[in-house]
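Input: a single structure, listed below in C-alpha cells.
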Amino acid sequence: MSDGRLLKVRSGGVLGSEAFLEASREELRVLLAVTERPFAFSGAEELAEAAGVSRARAASAIALFTEAGIFVREGDVSFEFAEKVPDEDSEIERTAGEVAENIRCRGLSFLFEELASMMERDSLNTDEIKRINALIADEGLSEEYILTLAAYIASKGALAVNKLTRKAKGLLKKGIDTLELLEDYIKRDELGSALEHEFRHTFGKYYGNATKSELDYYRKWTETFGFTPEVILLAQDINVRAKTTYSYAYIDTLLTRWHECGCKTPAECEAQAQLDRESIAKQKRLENAPPQKRTKSEEKTPKFADFDPEEALERALERSYAKYSESTDK
C-alpha cells in the first residue's frame with residue numbers, strides 16, 4: 001500500500017537498468033504513465049487506471065521499478081546516495097528482476113488481487129508481494145495452497161500477509177506442504193473447533209480454552225460412546241450432587257458404566273444410575289449391620305448331639321483294664 005508520497009522516474013535511472021530490460025508490456029505501460037506525469041500518482045489504483053492495467057500488475061510494476069531505483073518518491077534521498085537497508089527476512093532478499101520474472105512466469109497477478117480483496121484493500125505493498133513471492137519461489141507452495149490458507153485465516157479473523165506467512169511456515173515445519181494435506185489439516189482443525197464449541201456449550205465454559213484432557217474426555221463420550229449432550233449433562237448433574245465440584249474422571253466413570261450396560265437415552269441412563277445407587281446403598285447397609293441374634297424359634301443344636309455311647313463304653317473299659325494290669329504287676 002502506498003505511503004501517500006508521489007512517484008516520479010529518477011533521472012538517468014531507466015536506460016541500462018536490468019529491471020527495464022526484463023519488464024513486461026504492462027509494467028512498461030506503468031513506467032510510461034509515471035514518466036509522462038511525474039508526481040501525479042501515489043499508488044497502484046490510480047496508476048492502474050492511467051496505464052490500463054490491473055491493480056495487481058500496477059503494484060508489481062511499482063515494486064519492480066522502486067527496487068531497481070527507477071521510481072523514487074517525493075522527498076526521497078537521491079538513489080545514488082541512498083543507503084539500502086537490508087530486509088529483516090533474508091528469504092525475501094530477491095532482486096526486483098527476480099520477483100518480476102516469477103510474477104510473469106507464474107501469472108501471480110490474480111493471486112495478489114485475490115489476497116488484496118480478502119484484506120479489503122486495493123493492492124499489496126512491495127514488501128507483501130516479496131513475502132508471497134518467497135512462499136512460492138523458495139518454499140514451493142502453490143497459488144491454490146496460499147489462497148486456501150488465506151481464506152481459512154480470513155474465516156477466523158482479519159487476514160494479514162505476515163499472519164499468512166507465519167502460518168504457512170508453521171505448517172511446513174509439520175510437513176503440511178501440499179494442498180491435499182492442507183485441506184485435511186483444515187478439516188481436522190474445524191472438527192476440533194466444533195468439538196470445543198460443543199464442549200463449552202454443554203459445560204458452560206465460555207471463558208478460557210478447554211484443556212486437551214477435557215476435549216479427549218468429551219471426544220470419547222460423544223464419538224466413542226455416542227452419547228448426546230443430554231446424557232452427558234445427566235452425568236454432570238449426578239457428579240455435582242455427589243461431589244459438589246466438577247470431576248471429569250467421575251463423569252467418565254458414570255458414562256463408561258452406562259455404555260457397558262448398553263444404555264443410550266437419558267431415561268435408560270437415569271434408570272441404571274438409580275439401580276446402581278440402590279445396589280451401593282444395600283451393600284453399605286449389609287457392611288454396617290450388627291451381628292444378628294438368634295430367636296427362640298431357631299432350632300438349637302443339642303449340647304451332646306455328637307455323643308456316642310458305644311465309643312464311650314469302649315474307652316471306659318480300656319481305662320479300667322489298664323488300671324487292673326498295673327495293680328497286678330505290683
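By order of appearance in the C-alpha cells: chains A, B, ..., then residues from 1 within every chain, and ligands from 1 in the order shown.
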
Residues within 8 Å of Leu215 in chain A, please, as a PDB file with N, CA and C atoms, in the first residue's frame. Count only C-alpha atoms; anything in the same chain fewer than 4 positions from it doesn't count.
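Output file selection-v3.pdb is given in full below:
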```pdb
ATOM      1  N   LEU A 195     -15.858 -29.280  18.126  1.00  0.00           N
ATOM      2  CA  LEU A 195     -15.915 -30.075  19.356  1.00  0.00           C
ATOM      3  C   LEU A 195     -15.745 -29.187  20.581  1.00  0.00           C
ATOM      4  N   GLU A 196     -14.802 -28.254  20.517  1.00  0.00           N
ATOM      5  CA  GLU A 196     -14.583 -27.362  21.656  1.00  0.00           C
ATOM      6  C   GLU A 196     -15.796 -26.469  21.883  1.00  0.00           C
ATOM      7  N   PHE A 199     -18.351 -28.563  23.548  1.00  0.00           N
ATOM      8  CA  PHE A 199     -17.941 -28.790  24.940  1.00  0.00           C
ATOM      9  C   PHE A 199     -18.266 -27.572  25.792  1.00  0.00           C
ATOM     10  N   ALA A 210     -10.565 -24.853  26.550  1.00  0.00           N
ATOM     11  CA  ALA A 210     -10.700 -26.202  27.089  1.00  0.00           C
ATOM     12  C   ALA A 210      -9.339 -26.893  27.018  1.00  0.00           C
ATOM     13  N   THR A 211      -9.013 -27.659  28.045  1.00  0.00           N
ATOM     14  CA  THR A 211      -7.726 -28.360  28.057  1.00  0.00           C
ATOM     15  C   THR A 211      -7.799 -29.577  27.148  1.00  0.00           C
ATOM     16  N   ARG A 219     -14.526 -36.057  23.535  1.00  0.00           N
ATOM     17  CA  ARG A 219     -14.488 -36.815  22.273  1.00  0.00           C
ATOM     18  C   ARG A 219     -14.820 -38.284  22.517  1.00  0.00           C
TER      19      ARG A 219
END
```

How close does each residue of range 123-212 of chain A get to range 51-60 of chain A, giving the shortest atom pair and distance in Å to one decimal for every residue with an atom at most 9 Å away, counting only C-alpha atoms, sorted by chain and residue number, as CSV?
```
residue,atom,partner,partner_atom,distance
A:Ser123,CA,A:Ala56,CA,6.1
A:Leu124,CA,A:Ala59,CA,6.8
A:Asn125,CA,A:Ala59,CA,6.9
A:Thr126,CA,A:Ala59,CA,7.4
A:Ile129,CA,A:Ser60,CA,7.5
```

**Complete:** For Leu172 in chain A, the closest of A:Thr222, A:Arg5, A:Leu141, A:Lys156 counting only C-alpha atoms is A:Leu141

How close does range 168-217 of chain A get to range 244-263 of chain A? List, as a Markdown table, each residue of range 168-217 of chain A within 12 Å, its nearest atom pair and the distance in Å to one decimal, counting only C-alpha atoms.
```
| residue | atom | partner | partner_atom | distance |
| --- | --- | --- | --- | --- |
| A:Phe203 | CA | A:Tyr246 | CA | 9.8 |
| A:Gly204 | CA | A:Tyr246 | CA | 11.9 |
| A:Lys205 | CA | A:Tyr246 | CA | 11.8 |
| A:Thr211 | CA | A:Tyr248 | CA | 11.7 |
| A:Ser213 | CA | A:Tyr248 | CA | 9.1 |
| A:Glu214 | CA | A:Tyr248 | CA | 7.4 |
| A:Leu215 | CA | A:Tyr248 | CA | 10.5 |
| A:Asp216 | CA | A:Tyr248 | CA | 10.6 |
| A:Tyr217 | CA | A:Asp252 | CA | 7.3 |
```

Convert the current residue selection to file output with C-alpha atoms, as an mmCIF file, in the first residue's frame.
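result27.cif was written with the following content:
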```cif
data_model
loop_
_atom_site.group_PDB
_atom_site.id
_atom_site.type_symbol
_atom_site.label_atom_id
_atom_site.label_comp_id
_atom_site.auth_asym_id
_atom_site.auth_seq_id
_atom_site.Cartn_x
_atom_site.Cartn_y
_atom_site.Cartn_z
ATOM 1 C CA PHE A 203 -20.455 -27.406 30.338
ATOM 2 C CA GLY A 204 -20.970 -23.663 30.247
ATOM 3 C CA LYS A 205 -17.246 -22.962 29.935
ATOM 4 C CA THR A 211 -7.726 -28.360 28.057
ATOM 5 C CA SER A 213 -7.678 -33.811 28.594
ATOM 6 C CA GLU A 214 -11.158 -32.257 28.753
ATOM 7 C CA LEU A 215 -11.543 -32.450 24.987
ATOM 8 C CA ASP A 216 -10.209 -36.022 24.985
ATOM 9 C CA TYR A 217 -12.882 -36.966 27.521
#
```

**Item:** Leu171 in chain A environment, 12 Å, only C-alpha atoms, sequence neighbours closer than 5 positions dropped, as a count of residues only
**Value:** 18

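Of the residues listed (A:Leu108, A:Leu47, A:Ala150, A:Ala289), A:Leu108 shows the shortest atom-to-atom separation from Asn133 in chain A; distances use only C-alpha atoms.
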
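Taking CA of Ala273 in chain A and CA of Ala235 in chain A as the two end points, the separation is 9.2 Å.
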
**Message:** Need to verify the contact set: range 37-45 of chain A, 8 Å, only C-alpha atoms, exclusion of same-chain residues closer than 2 positions in sequence. Can you return it as a PyMOL selection string?
**Reply:** chain A and resi 1-9+33-35+47-49+55-56+58-59+62+73-74+122-123

Residues just named, written with C-alpha atoms as a short mmCIF file (atom, residue, chain, number, x, y, z; two decimals), in the first residue's frame:
```
data_model
loop_
_atom_site.label_atom_id
_atom_site.label_comp_id
_atom_site.auth_asym_id
_atom_site.auth_seq_id
_atom_site.Cartn_x
_atom_site.Cartn_y
_atom_site.Cartn_z
CA MET A 1 0.00 0.00 0.00
CA SER A 2 1.23 3.48 -0.85
CA ASP A 3 2.53 5.78 1.85
CA GLY A 4 0.84 8.70 0.09
CA ARG A 5 4.01 10.20 -1.41
CA LEU A 6 4.01 10.85 -5.16
CA LEU A 7 6.08 8.87 -7.65
CA LYS A 8 8.45 10.05 -10.35
CA VAL A 9 11.06 8.45 -12.56
CA ALA A 33 2.49 6.70 -17.25
CA VAL A 34 4.79 7.87 -14.44
CA THR A 35 7.31 9.23 -16.96
CA LEU A 47 -1.69 4.09 -11.80
CA ALA A 48 -3.61 1.04 -12.97
CA GLU A 49 -6.37 3.24 -14.38
CA ARG A 55 -4.16 -3.12 -9.82
CA ALA A 56 -2.01 -6.17 -9.13
CA ALA A 58 0.49 -1.88 -11.29
CA ALA A 59 1.58 -2.90 -7.77
CA ILE A 62 5.83 -0.24 -8.59
CA ARG A 73 9.04 9.16 -4.22
CA GLU A 74 8.68 12.77 -3.29
CA ASP A 122 -6.77 -2.12 -3.39
CA SER A 123 -3.39 -3.81 -3.65
#
```

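Here CA of Glu128 in chain A and CA of Val161 in chain A stand 6.2 Å from one another.
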
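One finds CA of Ala281 in chain A at 28.5 Å from CA of Thr228 in chain A.
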
**Request:** Please report, as a ChimeraX atom specification, each residue of range 104-155 of chain A to which DSSP assigns helix (DSSP H, G or I) when run on this structure's backbone.
**Result:** /A:104-106,109-118,126-137,143-155

Taking N, CA and C atoms for each residue, export the selection above as a short mmCIF file (atom, residue, chain, number, x, y, z; two decimals), in the first residue's frame.
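Generated output (out-v1.cif):
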```cif
data_model
loop_
_atom_site.label_atom_id
_atom_site.label_comp_id
_atom_site.auth_asym_id
_atom_site.auth_seq_id
_atom_site.Cartn_x
_atom_site.Cartn_y
_atom_site.Cartn_z
N ARG A 104 5.68 -12.84 -13.62
CA ARG A 104 5.28 -13.02 -15.01
C ARG A 104 5.13 -14.49 -15.37
N CYS A 105 6.12 -15.30 -14.96
CA CYS A 105 6.12 -16.71 -15.33
C CYS A 105 4.98 -17.48 -14.67
N ARG A 106 4.67 -17.14 -13.45
CA ARG A 106 3.65 -17.87 -12.70
C ARG A 106 2.26 -17.24 -12.81
N SER A 109 -0.45 -12.22 -10.78
CA SER A 109 -1.26 -11.01 -10.62
C SER A 109 -2.61 -11.35 -10.01
N PHE A 110 -3.21 -12.45 -10.49
CA PHE A 110 -4.52 -12.85 -9.95
C PHE A 110 -4.41 -13.16 -8.47
N LEU A 111 -3.33 -13.84 -8.07
CA LEU A 111 -3.14 -14.18 -6.65
C LEU A 111 -3.08 -12.93 -5.80
N PHE A 112 -2.30 -11.93 -6.24
CA PHE A 112 -2.16 -10.69 -5.46
C PHE A 112 -3.49 -9.95 -5.38
N GLU A 113 -4.25 -9.96 -6.49
CA GLU A 113 -5.55 -9.28 -6.48
C GLU A 113 -6.51 -9.96 -5.49
N GLU A 114 -6.51 -11.30 -5.48
CA GLU A 114 -7.39 -12.02 -4.58
C GLU A 114 -7.02 -11.78 -3.11
N LEU A 115 -5.72 -11.80 -2.82
CA LEU A 115 -5.29 -11.56 -1.44
C LEU A 115 -5.65 -10.14 -1.00
N ALA A 116 -5.44 -9.17 -1.89
CA ALA A 116 -5.81 -7.80 -1.56
C ALA A 116 -7.31 -7.68 -1.32
N SER A 117 -8.10 -8.38 -2.13
CA SER A 117 -9.55 -8.34 -1.97
C SER A 117 -9.97 -8.94 -0.64
N MET A 118 -9.33 -10.05 -0.23
CA MET A 118 -9.64 -10.66 1.06
C MET A 118 -9.35 -9.70 2.21
N THR A 126 4.93 -3.45 -1.60
CA THR A 126 6.12 -4.11 -2.12
C THR A 126 6.59 -5.24 -1.23
N ASP A 127 6.66 -4.97 0.06
CA ASP A 127 7.14 -5.99 0.99
C ASP A 127 6.23 -7.21 1.00
N GLU A 128 4.92 -6.97 0.95
CA GLU A 128 3.97 -8.08 0.95
C GLU A 128 4.10 -8.92 -0.31
N ILE A 129 4.29 -8.27 -1.44
CA ILE A 129 4.47 -9.01 -2.69
C ILE A 129 5.71 -9.88 -2.61
N LYS A 130 6.79 -9.34 -2.03
CA LYS A 130 8.03 -10.12 -1.90
C LYS A 130 7.83 -11.31 -0.98
N ARG A 131 7.08 -11.13 0.08
CA ARG A 131 6.85 -12.23 1.02
C ARG A 131 6.03 -13.35 0.38
N ILE A 132 4.99 -12.98 -0.33
CA ILE A 132 4.18 -14.01 -1.01
C ILE A 132 5.01 -14.69 -2.09
N ASN A 133 5.80 -13.91 -2.80
CA ASN A 133 6.66 -14.49 -3.84
C ASN A 133 7.65 -15.48 -3.23
N ALA A 134 8.15 -15.20 -2.02
CA ALA A 134 9.10 -16.09 -1.36
C ALA A 134 8.44 -17.42 -1.00
N LEU A 135 7.17 -17.38 -0.60
CA LEU A 135 6.47 -18.63 -0.29
C LEU A 135 6.40 -19.53 -1.52
N ILE A 136 6.25 -18.91 -2.67
CA ILE A 136 6.12 -19.69 -3.91
C ILE A 136 7.49 -20.10 -4.44
N ALA A 137 8.40 -19.12 -4.54
CA ALA A 137 9.71 -19.39 -5.15
C ALA A 137 10.63 -20.18 -4.24
N GLU A 143 -0.15 -21.56 -5.75
CA GLU A 143 -1.05 -20.45 -5.57
C GLU A 143 -2.34 -20.91 -4.89
N GLU A 144 -2.81 -22.12 -5.25
CA GLU A 144 -4.02 -22.67 -4.63
C GLU A 144 -3.83 -22.88 -3.13
N TYR A 145 -2.65 -23.35 -2.74
CA TYR A 145 -2.33 -23.55 -1.32
C TYR A 145 -2.43 -22.22 -0.58
N ILE A 146 -1.81 -21.19 -1.14
CA ILE A 146 -1.78 -19.89 -0.47
C ILE A 146 -3.18 -19.30 -0.37
N LEU A 147 -3.97 -19.39 -1.45
CA LEU A 147 -5.33 -18.85 -1.42
C LEU A 147 -6.21 -19.62 -0.45
N THR A 148 -6.06 -20.95 -0.40
CA THR A 148 -6.85 -21.76 0.53
C THR A 148 -6.52 -21.41 1.97
N LEU A 149 -5.23 -21.29 2.27
CA LEU A 149 -4.80 -20.94 3.62
C LEU A 149 -5.26 -19.53 3.98
N ALA A 150 -5.15 -18.60 3.02
CA ALA A 150 -5.59 -17.23 3.27
C ALA A 150 -7.08 -17.17 3.56
N ALA A 151 -7.87 -17.93 2.80
CA ALA A 151 -9.32 -17.95 3.02
C ALA A 151 -9.65 -18.52 4.40
N TYR A 152 -8.89 -19.54 4.83
CA TYR A 152 -9.14 -20.13 6.14
C TYR A 152 -8.80 -19.15 7.25
N ILE A 153 -7.67 -18.44 7.11
CA ILE A 153 -7.30 -17.44 8.11
C ILE A 153 -8.34 -16.32 8.16
N ALA A 154 -8.81 -15.91 6.98
CA ALA A 154 -9.80 -14.83 6.92
C ALA A 154 -11.12 -15.26 7.56
N SER A 155 -11.43 -16.55 7.50
CA SER A 155 -12.67 -17.03 8.11
C SER A 155 -12.63 -16.96 9.63
#
```
